[in-house]
Amino acid sequence: TQEEKAKLIRRLARIEGQAAGLRRMVEEDRYCIDVLTQIAAVRSALSQAGVELISHHMEHCLMGHGSDPSAHPSSCTMSREDLTEELKAALGRLMD
């Protein structure tokens, strides 16, 4: 939905801000441990965004396959086996 999309965009904008803050920390020669802590925070925020996106993908594109009008058109033409492989590939990308 548009609301879910807006929520994800806001989350990504916050991550962008965190990454910019990280760059400033390096430019300002901040303490390494503080920079590493911020890197971990950015990584965690990206992981959370990925979980949110893959959850949406499973719910709307894979589980609603062929019946959900909000499903992405490319998922509607996939076989059940192809959808399963796509989910495996998506999870693999998220976990790497």
# chains A, B, ... in the order shown; residues from 1 in each chain; ligands from 1
$ residues_around --residues "region 4-6 of chain A" --least-positions-apart "5" --cutoff "10 Å" --atoms "only C-alpha atoms" --output "JSON, numbers by chain"
{"A": [11, 12, 52, 53, 56]}
$ write_last_selection --atoms "all heavy atoms" --output "compact mmCIF listing (two decimals), in the first residue's frame"
# COMPACT_ATOMS: atom_id res chain seq x y z
N ARG A 11 11.90 5.18 6.70
CA ARG A 11 12.95 4.36 7.34
C ARG A 11 14.26 4.50 6.58
O ARG A 11 15.33 4.67 7.17
CB ARG A 11 12.52 2.90 7.41
CG ARG A 11 13.53 2.00 8.10
CD ARG A 11 13.09 0.56 8.06
NE ARG A 11 11.89 0.30 8.81
CZ ARG A 11 11.87 -0.18 10.06
NH1 ARG A 11 12.99 -0.43 10.68
NH2 ARG A 11 10.73 -0.41 10.66
N LEU A 12 14.21 4.43 5.25
CA LEU A 12 15.42 4.55 4.45
C LEU A 12 16.03 5.94 4.55
O LEU A 12 17.26 6.09 4.55
CB LEU A 12 15.13 4.18 2.99
CG LEU A 12 14.78 2.71 2.75
CD1 LEU A 12 14.32 2.50 1.32
CD2 LEU A 12 15.95 1.81 3.08
N GLU A 52 11.33 -5.98 6.84
CA GLU A 52 10.04 -5.36 6.52
C GLU A 52 9.71 -5.56 5.04
O GLU A 52 8.58 -5.93 4.69
CB GLU A 52 10.11 -3.87 6.84
CG GLU A 52 8.80 -3.14 6.69
CD GLU A 52 8.94 -1.68 7.09
OE1 GLU A 52 9.52 -1.40 8.16
OE2 GLU A 52 8.45 -0.83 6.32
N LEU A 53 10.68 -5.36 4.18
CA LEU A 53 10.45 -5.49 2.74
C LEU A 53 10.18 -6.95 2.35
O LEU A 53 9.26 -7.23 1.58
CB LEU A 53 11.64 -4.94 1.97
CG LEU A 53 11.48 -4.87 0.46
CD1 LEU A 53 10.29 -4.00 0.07
CD2 LEU A 53 12.74 -4.31 -0.16
N HIS A 56 6.69 -7.93 3.37
CA HIS A 56 5.71 -7.39 2.42
C HIS A 56 5.71 -8.23 1.14
O HIS A 56 4.66 -8.57 0.61
CB HIS A 56 6.03 -5.93 2.10
CG HIS A 56 5.22 -5.38 0.99
ND1 HIS A 56 3.93 -4.95 1.18
CD2 HIS A 56 5.48 -5.23 -0.33
CE1 HIS A 56 3.45 -4.54 0.01
NE2 HIS A 56 4.38 -4.71 -0.91
$ residues_around --residues "Leu22 (chain A)" --least-positions-apart "6" --cutoff "9 Å" --atoms "only C-alpha atoms" --output "count of residues only"
4
$ atom_distance --atom1 "CA of Arg23 (chain A)" --atom2 "CA of Ala49 (chain A)"
20.8 Å
$ select_by_dssp --residues "chain A" --states "helix (DSSP H, G or I)" --output "ChimeraX atom specification"
/A:2-27,32-62,73-76,80-95
$ closest_residue --among "A:Cys61, A:Met25, A:Glu16, A:Leu36" --to "Arg80 (chain A)" --atoms "only C-alpha atoms"
A:Cys61
$ closest_residue --among "A:Arg93, A:Lys7, A:Lys88, A:His60" --to "Ser47 (chain A)" --atoms "only C-alpha atoms"
A:Arg93
